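Colleague: Provided below: final_7.cif, containing mmCIF, C-alpha atoms.
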data_target
loop_
_atom_site.label_atom_id
_atom_site.label_comp_id
_atom_site.auth_asym_id
_atom_site.auth_seq_id
_atom_site.Cartn_x
_atom_site.Cartn_y
_atom_site.Cartn_z
CA MET P 1 16.31 -22.38 -5.13
CA HIS P 2 14.88 -23.74 -1.93
CA TYR P 3 12.15 -26.18 -1.07
CA TYR P 4 9.96 -23.92 1.07
CA ASN P 5 8.28 -20.85 -0.47
CA GLU P 6 6.49 -18.38 1.82
CA GLU P 7 3.88 -17.79 -0.88
CA ASP P 8 2.85 -21.44 -0.78
CA LEU P 9 1.00 -20.88 2.50
CA GLU P 10 -1.53 -18.80 0.56
CA ARG P 11 -1.83 -21.68 -1.92
CA PHE P 12 -2.77 -24.26 0.69
CA GLY P 13 -6.23 -24.55 -0.84
CA ASP P 14 -4.69 -25.79 -4.09
CA ILE P 15 -4.43 -29.20 -2.43
CA ALA P 16 -8.17 -29.41 -3.11
CA LYS P 17 -7.53 -29.64 -6.85
CA PHE P 18 -7.65 -33.38 -6.29
CA ARG P 19 -10.02 -35.23 -3.97
CA SER P 20 -11.42 -31.92 -2.74
CA GLU P 21 -13.81 -33.62 -0.32
CA LEU P 22 -10.86 -34.76 1.78
CA PHE P 23 -9.44 -31.24 2.06
CA GLU P 24 -12.87 -29.84 2.88
CA LYS P 25 -13.18 -32.28 5.76
CA PHE P 26 -9.70 -31.40 6.95
CA LEU P 27 -10.44 -27.66 6.74
CA ALA P 28 -13.68 -27.95 8.69
CA TRP P 29 -11.89 -29.93 11.39
CA TYR P 30 -8.87 -27.59 11.42
CA GLN P 31 -11.01 -24.45 11.71
CA ALA P 32 -13.36 -25.93 14.32
CA CYS P 33 -10.38 -26.82 16.50
CA GLN P 34 -9.28 -23.20 16.67
CA GLN P 35 -12.55 -21.61 17.82
CA ASP P 36 -13.26 -20.56 21.39
CA GLY P 37 -14.43 -23.54 23.39
CA ALA P 38 -13.38 -25.00 26.72
CA LEU P 39 -10.06 -23.38 25.74
CA LEU P 40 -9.82 -19.83 24.45
CA LYS P 41 -8.59 -19.03 20.93
CA ARG P 42 -5.52 -17.47 22.46
CA GLU P 43 -4.64 -20.63 24.40
CA LYS P 44 -5.19 -22.70 21.29
CA ALA P 45 -2.94 -20.39 19.26
CA LEU P 46 -0.14 -20.89 21.81
CA ILE P 47 -0.62 -24.66 21.68
CA GLY P 48 -0.58 -24.44 17.88
CA LEU P 49 2.68 -22.47 17.93
CA ALA P 50 4.30 -24.96 20.30
CA VAL P 51 3.26 -27.88 18.11
CA ALA P 52 4.33 -26.04 14.94
CA VAL P 53 7.84 -25.55 16.34
CA THR P 54 7.94 -29.17 17.43
CA VAL P 55 6.94 -30.54 14.04
CA GLN P 56 9.24 -27.92 12.46
CA CYS P 57 6.71 -26.79 9.86
CA PRO P 58 7.73 -23.30 8.61
CA TYR P 59 4.23 -22.60 7.30
CA CYS P 60 2.64 -23.52 10.61
CA ILE P 61 5.22 -21.45 12.52
CA ASP P 62 4.42 -18.37 10.40
CA ALA P 63 0.68 -18.92 10.68
CA PHE P 64 0.58 -19.57 14.42
CA THR P 65 3.00 -16.74 15.23
CA ASN P 66 0.51 -14.41 13.56
CA SER P 67 -2.42 -16.14 15.29
CA CYS P 68 -0.74 -15.64 18.65
CA LEU P 69 -0.09 -11.94 17.99
CA GLU P 70 -3.62 -11.42 16.69
CA SER P 71 -5.06 -13.02 19.78
CA GLY P 72 -3.07 -10.68 22.04
CA SER P 73 -0.14 -12.84 23.11
CA ASN P 74 3.29 -11.31 23.44
CA MET P 75 6.75 -12.71 22.80
CA ASP P 76 7.32 -13.61 26.44
CA GLN P 77 4.25 -15.85 26.39
CA MET P 78 5.03 -17.28 22.97
CA THR P 79 8.63 -18.01 23.89
CA GLU P 80 7.52 -19.79 27.08
CA ALA P 81 5.26 -22.01 24.95
CA ILE P 82 8.13 -22.71 22.54
CA HIS P 83 10.47 -23.60 25.40
CA LEU P 84 7.93 -25.96 26.93
CA ALA P 85 7.42 -27.77 23.63
CA SER P 86 11.15 -27.93 23.02
CA ALA P 87 11.84 -29.14 26.54
CA ILE P 88 9.28 -31.91 26.13
CA ARG P 89 10.94 -32.84 22.87
CA GLY P 90 14.35 -32.79 24.55
CA GLY P 91 13.00 -34.81 27.44
CA ALA P 92 11.52 -37.31 25.04
CA SER P 93 15.00 -37.87 23.63
CA LEU P 94 16.64 -37.96 26.99
CA ILE P 95 14.25 -40.54 28.45
CA HIS P 96 15.35 -42.89 25.69
CA GLY P 97 18.76 -42.81 27.32
CA ILE P 98 17.26 -45.20 29.85
CA GLN P 99 16.86 -47.68 26.99
CA SER P 100 20.58 -47.36 26.45
CA HIS P 101 21.23 -47.84 30.14
CA ASN P 102 18.99 -50.91 30.13
CA ALA P 103 20.78 -52.32 27.10
CA HIS P 104 24.12 -51.66 28.72
CA ASP P 105 23.05 -53.30 31.96
CA LYS P 106 21.77 -56.36 30.09
CA VAL P 107 25.06 -57.09 28.42
CA SER P 108 27.39 -55.95 31.13
CA MET P 109 28.73 -57.78 34.15
CA MET N 1 -15.21 3.30 -9.17
CA THR N 2 -12.65 4.30 -6.64
CA LEU N 3 -10.62 7.42 -6.96
CA MET N 4 -7.71 5.14 -7.80
CA ASP N 5 -9.70 3.62 -10.65
CA THR N 6 -10.58 6.98 -12.13
CA GLY N 7 -7.01 8.17 -11.95
CA THR N 8 -8.01 11.21 -9.90
CA PHE N 9 -5.65 10.18 -7.18
CA GLN N 10 -2.11 10.86 -8.38
CA ILE N 11 -0.14 11.83 -5.29
CA THR N 12 2.89 9.66 -4.62
CA ARG N 13 4.97 9.07 -1.52
CA ASN N 14 8.70 8.58 -1.94
CA GLU N 15 7.91 7.77 -5.58
CA TRP N 16 5.52 4.98 -4.54
CA PRO N 17 1.70 5.16 -4.56
CA THR N 18 0.23 6.63 -1.37
CA ILE N 19 -2.21 3.73 -1.20
CA PRO N 20 -1.21 0.12 -1.97
CA ILE N 21 -2.66 -0.91 -5.32
CA LEU N 22 -4.84 -4.01 -5.28
CA SER N 23 -6.12 -6.05 -8.18
CA SER N 24 -9.53 -6.47 -6.53
CA GLY N 25 -10.40 -3.18 -4.92
CA PHE N 26 -12.59 -1.99 -2.06
CA SER N 27 -15.24 -0.59 -4.38
CA GLU N 28 -15.82 -4.06 -5.84
CA ARG N 29 -16.32 -5.49 -2.36
CA ILE N 30 -18.93 -2.96 -1.29
CA GLY N 31 -20.80 -3.05 -4.59
CA PRO N 32 -22.21 -0.38 -6.91
CA ARG N 33 -24.30 1.32 -4.24
CA GLY N 34 -21.16 2.32 -2.37
CA LEU N 35 -21.29 3.81 1.10
CA ASN N 36 -23.51 6.68 2.17
CA ALA N 37 -23.50 8.83 5.28
CA GLU N 38 -26.39 8.57 7.73
CA GLY N 39 -26.25 11.88 9.57
CA VAL N 40 -23.47 13.84 11.26
CA GLU N 41 -23.16 12.79 14.89
CA THR N 42 -19.49 13.68 15.27
CA LEU N 43 -17.37 16.59 14.12
CA GLN N 44 -13.82 15.27 14.17
CA VAL N 45 -11.38 18.16 14.09
CA ASN N 46 -7.74 17.50 13.29
CA VAL N 47 -6.11 20.62 14.64
CA GLY N 48 -2.74 19.97 13.06
CA LYS N 49 0.32 17.84 12.55
CA LEU N 50 2.46 19.23 15.36
CA CYS N 51 3.32 16.54 17.93
CA ASN N 52 5.98 15.96 20.58
CA GLN N 53 6.35 12.39 19.29
CA ALA N 54 7.00 10.85 15.86
CA CYS N 55 5.49 7.37 16.08
CA LYS N 56 6.39 4.73 13.49
CA HIS N 57 2.77 3.97 12.64
CA CYS N 58 1.43 7.55 12.53
CA HIS N 59 -1.01 8.06 9.66
CA VAL N 60 -0.69 11.84 10.06
CA ASP N 61 3.11 11.96 9.66
CA ALA N 62 2.98 14.11 12.78
CA GLY N 63 6.10 15.24 14.62
CA PRO N 64 7.89 18.03 16.47
CA LYS N 65 9.00 19.79 13.28
CA ARG N 66 5.57 20.04 11.68
CA THR N 67 4.19 23.56 11.53
CA GLU N 68 0.67 22.98 10.20
CA ILE N 69 -1.76 23.98 12.96
CA MET N 70 -5.32 25.28 13.03
CA SER N 71 -5.86 29.04 13.24
CA ARG N 72 -8.40 30.82 15.47
CA SER N 73 -10.64 31.56 12.47
CA VAL N 74 -10.98 27.85 11.65
CA VAL N 75 -11.50 27.00 15.32
CA ASP N 76 -14.29 29.58 15.48
CA ALA N 77 -15.89 28.16 12.34
CA CYS N 78 -15.87 24.69 13.91
CA LEU N 79 -17.50 26.08 17.05
CA LYS N 80 -20.14 27.85 14.96
CA VAL N 81 -21.00 24.58 13.21
CA LEU N 82 -21.27 22.78 16.56
CA ARG N 83 -23.63 25.46 17.86
CA THR N 84 -25.70 25.87 14.70
CA TYR N 85 -26.40 22.20 14.16
CA GLY N 86 -26.19 20.88 17.72
CA ILE N 87 -23.73 18.18 16.67
CA PRO N 88 -23.54 15.86 19.68
CA THR N 89 -19.79 15.12 19.71
CA LEU N 90 -16.62 17.08 19.06
CA ASP N 91 -13.68 14.71 18.59
CA ILE N 92 -10.34 16.55 18.70
CA THR N 93 -7.30 14.91 17.19
CA GLY N 94 -3.86 15.77 15.75
CA GLY N 95 -0.80 15.59 16.11
CA ALA N 96 -0.88 16.34 19.77
CA PRO N 97 -3.94 18.64 19.85
CA GLU N 98 -2.94 20.20 23.14
CA LEU N 99 0.10 21.88 21.55
CA ILE N 100 -1.86 24.31 19.40
CA PRO N 101 -2.42 27.72 21.01
CA ASP N 102 -6.22 27.56 20.76
CA PHE N 103 -6.73 24.04 22.12
CA ARG N 104 -8.08 25.11 25.50
CA TYR N 105 -10.25 27.80 23.92
CA LEU N 106 -11.73 25.18 21.57
CA VAL N 107 -12.49 22.81 24.44
CA GLU N 108 -14.00 25.41 26.74
CA GLU N 109 -16.15 26.98 24.05
CA ALA N 110 -17.28 23.60 22.74
CA ARG N 111 -18.42 22.61 26.21
CA THR N 112 -20.68 25.66 26.31
CA THR N 113 -22.51 24.29 23.24
CA GLY N 114 -23.44 21.16 25.17
CA SER N 115 -21.37 18.88 22.93
CA ARG N 116 -19.50 15.95 24.38
CA VAL N 117 -15.78 16.65 23.86
CA ILE N 118 -13.26 13.88 23.15
CA ASP N 119 -9.53 14.55 23.10
CA ARG N 120 -7.18 12.06 21.40
CA HIS N 121 -4.27 12.38 23.75
CA ASN N 122 -0.77 10.89 23.50
CA LEU N 123 -0.15 11.01 27.29
CA THR N 124 3.48 12.21 27.08
CA VAL N 125 2.45 15.73 26.09
CA ILE N 126 1.56 16.28 29.76
CA PHE N 127 5.31 16.56 30.40
CA GLU N 128 5.86 19.29 27.81
CA GLU N 129 6.38 22.87 28.94
CA GLY N 130 3.14 24.55 29.99
CA GLN N 131 1.09 21.33 29.83
CA GLN N 132 1.54 20.00 33.36
CA ASP N 133 -1.98 21.02 34.41
CA LEU N 134 -3.67 19.19 31.53
CA PRO N 135 -5.24 16.53 33.80
CA GLU N 136 -6.89 19.25 35.88
CA PHE N 137 -8.00 21.09 32.72
CA PHE N 138 -9.48 17.92 31.25
CA ALA N 139 -11.30 17.17 34.50
CA ALA N 140 -12.68 20.71 34.88
CA ASN N 141 -14.17 20.47 31.39
CA GLU N 142 -15.19 16.79 31.67
CA VAL N 143 -13.26 15.99 28.50
CA GLU N 144 -13.42 12.35 27.48
CA VAL N 145 -9.76 11.40 27.15
CA VAL N 146 -8.74 8.73 24.65
CA CYS N 147 -5.11 7.78 25.15
CA SER N 148 -2.73 5.89 22.92
CA LEU N 149 -1.04 2.93 24.60
CA PRO N 150 -0.30 0.19 22.08
CA TYR N 151 0.63 -2.42 24.67
CA PHE N 152 0.94 -2.91 28.40
CA GLN N 153 4.65 -3.66 28.11
CA GLU N 154 7.53 -1.24 27.62
CA LYS N 155 9.27 -3.07 24.78
CA GLN N 156 6.35 -2.96 22.35
CA THR N 157 5.20 0.54 23.29
CA ASP N 158 8.65 2.09 22.95
CA ALA N 159 9.29 0.21 19.69
CA GLN N 160 6.34 2.02 18.13
CA ARG N 161 6.24 5.35 19.92
CA GLY N 162 9.85 6.06 20.92
CA ARG N 163 12.24 5.31 23.75
CA GLY N 164 10.93 6.20 27.19
CA VAL N 165 7.33 6.67 26.04
CA PHE N 166 5.98 3.74 28.05
CA ASP N 167 7.33 5.00 31.37
CA LYS N 168 6.06 8.53 30.69
CA SER N 169 2.68 7.15 29.63
CA ILE N 170 2.36 5.24 32.89
CA ASP N 171 3.21 8.41 34.84
CA ALA N 172 0.63 10.36 32.83
CA LEU N 173 -2.08 7.74 33.40
CA THR N 174 -1.31 7.85 37.11
CA ARG N 175 -1.79 11.64 37.01
CA LEU N 176 -5.12 11.26 35.18
CA ASN N 177 -6.29 8.71 37.75
CA SER N 178 -5.26 11.08 40.55
CA VAL N 179 -7.69 13.77 39.35
CA GLY N 180 -10.52 11.24 39.07
CA TYR N 181 -10.21 9.83 35.55
CA GLY N 182 -11.36 6.24 35.39
CA ARG N 183 -12.94 6.54 38.84
CA ASP N 184 -15.45 9.39 38.57
CA PRO N 185 -18.22 8.40 36.10
CA ARG N 186 -18.07 11.92 34.57
CA LEU N 187 -14.36 11.53 33.79
CA VAL N 188 -13.99 8.87 31.13
CA LEU N 189 -10.53 7.51 30.38
CA ASN N 190 -10.26 5.20 27.38
CA LEU N 191 -7.13 3.60 25.97
CA VAL N 192 -6.28 2.70 22.41
CA TYR N 193 -4.47 -0.51 21.45
CA ASN N 194 -3.01 -0.85 18.00
CA PRO N 195 -0.78 -3.66 16.76
CA VAL N 196 2.97 -3.11 17.02
CA GLY N 197 3.62 -4.63 13.62
CA ALA N 198 1.95 -6.03 10.53
CA PHE N 199 -0.89 -7.97 12.09
CA LEU N 200 -4.52 -7.44 13.04
CA PRO N 201 -5.71 -6.49 16.54
CA PRO N 202 -6.94 -9.20 18.90
CA GLU N 203 -10.55 -9.45 19.98
CA GLN N 204 -11.29 -6.21 21.87
CA SER N 205 -12.81 -7.52 25.09
CA SER N 206 -10.08 -10.12 25.45
CA ILE N 207 -7.15 -7.71 25.20
CA GLU N 208 -9.04 -5.14 27.31
CA ALA N 209 -9.15 -7.67 30.14
CA ASP N 210 -5.38 -8.15 29.82
CA PHE N 211 -4.73 -4.40 29.89
CA LYS N 212 -6.96 -3.92 32.94
CA ARG N 213 -5.31 -6.75 34.85
CA GLU N 214 -1.73 -5.81 33.95
CA LEU N 215 -2.03 -2.04 34.43
CA GLU N 216 -3.85 -2.34 37.75
CA ASP N 217 -1.65 -5.12 39.15
CA ARG N 218 1.65 -3.54 38.13
CA PHE N 219 0.93 0.18 38.35
CA GLY N 220 -2.44 0.64 40.11
CA ILE N 221 -3.88 2.25 36.96
CA ILE N 222 -7.57 1.98 36.11
CA PHE N 223 -9.42 3.02 32.98
CA ASN N 224 -12.84 2.62 31.39
CA ASN N 225 -12.54 0.98 27.97
CA LEU N 226 -9.88 -0.23 25.59
CA PHE N 227 -10.41 0.41 21.88
CA THR N 228 -8.62 -1.81 19.38
CA ILE N 229 -7.65 0.00 16.18
CA THR N 230 -6.19 -1.52 13.02
CA ASN N 231 -3.12 0.15 11.57
CA MET N 232 -4.06 1.92 8.35
CA PRO N 233 -1.74 1.16 5.41
CA ILE N 234 -0.93 4.79 4.61
CA ALA N 235 1.70 7.39 5.48
CA ARG N 236 4.44 6.46 7.93
CA TYR N 237 3.03 3.00 8.61
CA LEU N 238 2.98 2.27 4.88
CA ASP N 239 6.63 3.36 4.72
CA TRP N 240 7.41 0.83 7.43
CA LEU N 241 5.43 -1.92 5.68
CA ARG N 242 7.47 -1.30 2.53
CA ARG N 243 10.82 -1.11 4.31
CA SER N 244 10.14 -4.31 6.22
CA GLY N 245 8.82 -6.26 3.22
CA ASN N 246 5.35 -6.60 4.74
CA GLU N 247 3.23 -4.52 2.35
CA ALA N 248 1.83 -7.33 0.18
CA SER N 249 1.18 -9.75 3.03
CA TYR N 250 -0.45 -7.05 5.20
CA MET N 251 -2.75 -5.95 2.38
CA ALA N 252 -3.64 -9.60 1.69
CA LYS N 253 -4.43 -9.99 5.37
CA LEU N 254 -6.75 -6.96 5.34
CA VAL N 255 -8.50 -8.05 2.14
CA ASN N 256 -8.91 -11.67 3.28
CA ALA N 257 -10.38 -10.46 6.58
CA PHE N 258 -12.94 -8.17 4.87
CA ASN N 259 -16.10 -8.36 6.96
CA PRO N 260 -19.29 -6.90 5.43
CA ALA N 261 -20.89 -6.84 8.89
CA THR N 262 -18.65 -3.87 9.69
CA LEU N 263 -20.11 -1.67 6.94
CA PRO N 264 -23.17 -0.34 8.80
CA GLY N 265 -21.06 0.83 11.75
CA LEU N 266 -18.15 2.47 9.95
CA MET N 267 -17.31 5.81 11.52
CA CYS N 268 -17.33 7.66 8.20
CA ARG N 269 -21.10 7.14 8.03
CA SER N 270 -21.78 9.36 11.03
CA MET N 271 -18.97 11.89 11.10
CA ILE N 272 -17.28 14.71 9.23
CA SER N 273 -13.54 15.27 9.47
CA VAL N 274 -12.07 18.80 9.38
CA ASP N 275 -8.42 19.54 8.67
CA TRP N 276 -6.27 22.36 10.06
CA ARG N 277 -7.20 24.58 7.12
CA GLY N 278 -10.93 23.91 7.54
CA ARG N 279 -11.39 21.53 4.62
CA LEU N 280 -13.90 18.69 5.01
CA PHE N 281 -13.27 14.95 4.58
CA ASP N 282 -15.10 11.69 5.25
CA CYS N 283 -12.50 10.59 7.80
CA ASP N 284 -9.05 11.39 9.15
CA PHE N 285 -7.46 8.85 6.79
CA ASN N 286 -9.00 10.41 3.68
CA GLN N 287 -7.83 13.73 5.06
CA MET N 288 -4.22 12.55 5.10
CA LEU N 289 -4.61 11.16 1.58
CA GLU N 290 -6.10 14.46 0.37
CA ILE N 291 -9.35 12.77 -0.72
CA PRO N 292 -11.94 15.49 -0.03
CA VAL N 293 -15.57 15.04 0.85
CA ALA N 294 -17.72 14.47 -2.25
CA PRO N 295 -19.98 17.54 -2.58
CA ASP N 296 -17.77 20.27 -3.98
CA ASP N 297 -20.07 23.03 -2.80
CA ALA N 298 -19.68 22.12 0.86
CA GLY N 299 -15.95 21.53 0.96
CA THR N 300 -14.95 23.67 3.95
CA ILE N 301 -16.09 24.33 7.48
CA PHE N 302 -16.88 27.92 6.41
CA ASP N 303 -19.67 26.79 4.07
CA PHE N 304 -20.76 23.75 6.06
CA ASP N 305 -24.22 22.61 4.95
CA ILE N 306 -25.51 19.68 6.95
CA SER N 307 -28.37 19.05 4.55
CA VAL N 308 -25.85 18.25 1.82
CA LEU N 309 -23.42 16.34 4.01
CA GLU N 310 -25.67 14.11 6.08
CA ASN N 311 -26.60 11.86 3.16
CA ARG N 312 -23.45 12.28 1.07
CA ARG N 313 -21.77 9.49 -0.79
CA ILE N 314 -18.56 8.54 0.99
CA GLU N 315 -15.30 8.51 -0.96
CA THR N 316 -13.52 5.17 -0.69
CA ALA N 317 -10.25 3.68 -1.88
CA ASP N 318 -8.33 0.54 -1.07
CA HIS N 319 -7.01 1.81 2.29
CA CYS N 320 -10.64 1.39 3.49
CA PHE N 321 -9.92 -2.33 3.91
CA GLY N 322 -8.18 -1.19 7.09
CA CYS N 323 -11.54 -0.32 8.68
CA THR N 324 -13.42 -3.43 7.52
CA ALA N 325 -10.99 -6.20 8.45
CA GLY N 326 -12.06 -8.69 11.11
CA SER N 327 -14.11 -6.98 13.78
CA GLY N 328 -13.60 -3.66 12.00
CA SER N 329 -11.85 -0.54 13.22
CA SER N 330 -12.93 2.95 14.09
CA CYS N 331 -11.92 5.77 16.40
CA GLY N 332 -14.17 4.03 18.93
CA GLY N 333 -12.50 0.66 18.48
CA ALA N 334 -13.96 -2.51 17.01
CA VAL N 335 -17.08 -1.95 14.89
CA SER N 336 -18.66 -5.41 14.88
CA VAL N 337 -18.01 -7.16 18.20
#
Would you mind writing the structure in this file as structure tokens?
Modeller:
Amino acid sequence: MHYYNEEDLERFGDIAKFRSELFEKFLAWYQACQQDGALLKREKALIGLAVAVTVQCPYCIDAFTNSCLESGSNMDQMTEAIHLASAIRGGASLIHGIQSHNAHDKVSM
Amino acid sequence: MTLMDTGTFQITRNEWPTIPILSSGFSERIGPRGLNAEGVETLQVNVGKLCNQACKHCHVDAGPKRTEIMSRSVVDACLKVLRTYGIPTLDITGGAPELIPDFRYLVEEARTTGSRVIDRHNLTVIFEEGQQDLPEFFAANEVEVVCSLPYFQEKQTDAQRGRGVFDKSIDALTRLNSVGYGRDPRLVLNLVYNPVGAFLPPEQSSIEADFKRELEDRFGIIFNNLFTITNMPIARYLDWLRRSGNEASYMAKLVNAFNPATLPGLMCRSMISVDWRGRLFDCDFNQMLEIPVAPDDAGTIFDFDISVLENRRIETADHCFGCTAGSGSSCGGAVSV
């Protein structure tokens, strides 16, 4: 028994069993965001993968890995995007070390 | 009804069905009118299953140990049909077509009929014994060469086609360029991308731009067009889908991506496929599944009757979702761009 089931990704639409108008609005927004625009679909898929890894959503990681492959990206490109997102996340933790330094400096002689 | 529905189709593969079974089939998607042919513009001749490679995705199950190859009598019957009906295009496929003894005879004679000749070429066969002059032969006969290269990187290409195939393919493309392919407008060099895994191809023009940039920048190779082709869930590729646990999700992907806009341009509507024994099929995939062309009285190249075949009803089954997913897939790449 585990909390995440791969098959649940296909059941995403079941959320619309209740307050369907909210899911419809979400879906329209979600799909519109992924179309070619000032950024290409491929670039958006790489951004999506980076964000998916950062928010640690297994469904999003599966979905955007496939989106990246189906828009022609390869594992070198995808791994670079993952590293960038992870490095930003690491950096975001590390910069908070300055808070610690500040706190230390405040109470120290 | 599909052949699956009627129970006509009983062949199994490793004790599993040769086509994945779906609850909502292809015939339901296309409706009761089905698909009909609209002429015969292309005679696609599969000259046999012999190949110097054994790719993981091959829908022909081709390989070095296969012995099924087309005889001279079948080759001559194909040529007679080309001449009699003035069919505009001869599309030669295999296996590696160049390995059959009558390949060059077929090409040279077909050119005398005025037909455009396409050869589906795996590139590495150039390095087999007696094949080193293939680029010159292709050029002399103005054969349109369609080459398999699933990706512009070694890792992906070798994963699908075998170790060392990428490097040999690059050498072969360089040889084709050196005799004028991709440069001379009479010598057309097209490449074929297909996914290295259980996913759909990217948008054709987008990945073509990547191939052109990468191959020219890294190797100085130029080519005309890139065709994106969807992997068909049959034969060796289906084996891989099953072994890797991807069969259900891949079929769901194909079904969910069904695009009715691809139906008018499907290749089966304008071609006839011939197997190494001379039997007729709607396409190379039906050929491998042993689903023959509908009219029983015109089932071989020896009794080819274009008046019967040009408006025939096309036999479909659930593997046909492979040609209708997304932008569609054909031997000439995406159908609906």
Colleague: Would you pick out the contacts of segment 144-153 of chain N at 8 Å or less, using only C-alpha atoms, so that residues sharing its chain but fewer than 6 positions from it are not included, and give the list as a list of chain:residue names?
Modeller: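 Residues near the query, excluding close chain neighbours: N:Arg116, N:Val117, N:Ile118, N:Asp119, N:Arg120, N:His121, N:Asn122, N:Leu123, N:Phe138, N:Gln160, N:Phe166, N:Ser169, N:Leu187, N:Val188, N:Leu189, N:Asn190, N:Leu191, N:Val192, N:Tyr193, N:Asn194, N:Pro195, N:Val196, N:Phe211, N:Glu214, N:Leu215.
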Colleague: For the residues selected in the previous step, produce a file with C-alpha atoms as a CSV table (one decimal), in the frame of the given file.
Modeller:
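Once everything was written out, this is result.csv:
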chain,number,residue,atom,x,y,z
N,116,ARG,CA,-19.5,16.0,24.4
N,117,VAL,CA,-15.8,16.6,23.9
N,118,ILE,CA,-13.3,13.9,23.2
N,119,ASP,CA,-9.5,14.6,23.1
N,120,ARG,CA,-7.2,12.1,21.4
N,121,HIS,CA,-4.3,12.4,23.8
N,122,ASN,CA,-0.8,10.9,23.5
N,123,LEU,CA,-0.2,11.0,27.3
N,138,PHE,CA,-9.5,17.9,31.2
N,160,GLN,CA,6.3,2.0,18.1
N,166,PHE,CA,6.0,3.7,28.0
N,169,SER,CA,2.7,7.2,29.6
N,187,LEU,CA,-14.4,11.5,33.8
N,188,VAL,CA,-14.0,8.9,31.1
N,189,LEU,CA,-10.5,7.5,30.4
N,190,ASN,CA,-10.3,5.2,27.4
N,191,LEU,CA,-7.1,3.6,26.0
N,192,VAL,CA,-6.3,2.7,22.4
N,193,TYR,CA,-4.5,-0.5,21.4
N,194,ASN,CA,-3.0,-0.8,18.0
N,195,PRO,CA,-0.8,-3.7,16.8
N,196,VAL,CA,3.0,-3.1,17.0
N,211,PHE,CA,-4.7,-4.4,29.9
N,214,GLU,CA,-1.7,-5.8,34.0
N,215,LEU,CA,-2.0,-2.0,34.4
Colleague: Using all atoms listed in the file, list the residues that have an atom at most 10 Å from (2.3, 4.0, 42.9), coordinates as in the file, as JSON, numbers by chain.
Modeller: {"N": [171, 174, 218, 219, 220, 221]}
Colleague: Quick one: of N:Lys155, N:Lys80, N:Arg13, N:Arg279, who's nearest to chain P, counting all atoms listed in the file?
Modeller: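 Distance minimum relative to chain P lands on N:Lys155.
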Colleague: Determine the residue set returned by the PyMOL selection byres ((chain P and resi 85-98) around 10) for the present structure, and present it as a list in words.
Modeller: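 Checking the PyMOL selection byres ((chain P and resi 85-98) around 10) against this file, the residues are Ile47, Leu49, Ala50, Val51, Ala52, Val53, Thr54, Val55, Thr79, Glu80, Ala81, Ile82, His83, Leu84, Gln99, Ser100, His101, Asn102, Ala103 and His104 of chain P.
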Colleague: Name the residues that the PyMOL selection byres ((chain P and resi 35-43) around 9) pulls out of this structure, and write them as a PyMOL selection string.
Modeller: chain P and resi 31-34+44-48+67-73
Colleague: How would you write, as a compact mmCIF listing (two decimals) with C-alpha atoms, in the coordinates of the input, the residues chosen by the PyMOL selection byres ((chain P and resi 1-13) around 10) on this structure?
Modeller:
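This is the output file out.txt:
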# COMPACT_ATOMS: atom_id res chain seq x y z
CA ASP P 14 -4.69 -25.79 -4.09
CA ILE P 15 -4.43 -29.20 -2.43
CA ALA P 16 -8.17 -29.41 -3.11
CA LYS P 17 -7.53 -29.64 -6.85
CA SER P 20 -11.42 -31.92 -2.74
CA PHE P 23 -9.44 -31.24 2.06
CA GLU P 24 -12.87 -29.84 2.88
CA LEU P 27 -10.44 -27.66 6.74
CA CYS P 57 6.71 -26.79 9.86
CA PRO P 58 7.73 -23.30 8.61
CA TYR P 59 4.23 -22.60 7.30
CA CYS P 60 2.64 -23.52 10.61
CA ASP P 62 4.42 -18.37 10.40
CA ALA P 63 0.68 -18.92 10.68
CA SER N 249 1.18 -9.75 3.03
CA ALA N 252 -3.64 -9.60 1.69
Colleague: To one decimal in Å, tell me the separation between atom CA of Asn256 of chain N and atom CA of Glu28 of chain N.
Modeller: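 If I compute the distance from atom CA of Asn256 of chain N to atom CA of Glu28 of chain N, I get 13.7 Å.
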Colleague: Could you build a table of the residues in chain N lying no more than 9 Å from chain P, giving for each the nearest pair of atoms and their separation in Å rounded to one decimal place, using only C-alpha atoms, ordered by chain and ascending residue number, as a Markdown table?
Modeller:
| residue | atom | partner | partner_atom | distance |
| --- | --- | --- | --- | --- |
| N:Gln156 | CA | P:Asn74 | CA | 9.0 |
| N:Pro195 | CA | P:Glu70 | CA | 8.3 |
| N:Phe199 | CA | P:Glu70 | CA | 6.4 |
| N:Leu200 | CA | P:Glu70 | CA | 5.5 |
| N:Pro201 | CA | P:Glu70 | CA | 5.4 |
| N:Pro202 | CA | P:Ser71 | CA | 4.3 |
| N:Glu203 | CA | P:Ser71 | CA | 6.6 |
| N:Ser206 | CA | P:Gly72 | CA | 7.8 |
| N:Ile207 | CA | P:Gly72 | CA | 6.0 |
| N:Asp210 | CA | P:Gly72 | CA | 8.5 |
Colleague: Any chance you could export the current selection's C-alpha atoms as a PDB file, in the coordinates of the input?
Modeller:
ATOM      1  CA  GLN N 156       6.350  -2.960  22.350  1.00  0.00           C
ATOM      2  CA  PRO N 195      -0.780  -3.660  16.760  1.00  0.00           C
ATOM      3  CA  PHE N 199      -0.890  -7.970  12.090  1.00  0.00           C
ATOM      4  CA  LEU N 200      -4.520  -7.440  13.040  1.00  0.00           C
ATOM      5  CA  PRO N 201      -5.710  -6.490  16.540  1.00  0.00           C
ATOM      6  CA  PRO N 202      -6.940  -9.200  18.900  1.00  0.00           C
ATOM      7  CA  GLU N 203     -10.550  -9.450  19.980  1.00  0.00           C
ATOM      8  CA  SER N 206     -10.080 -10.120  25.450  1.00  0.00           C
ATOM      9  CA  ILE N 207      -7.150  -7.710  25.200  1.00  0.00           C
ATOM     10  CA  ASP N 210      -5.380  -8.150  29.820  1.00  0.00           C
TER      11      ASP N 210
END
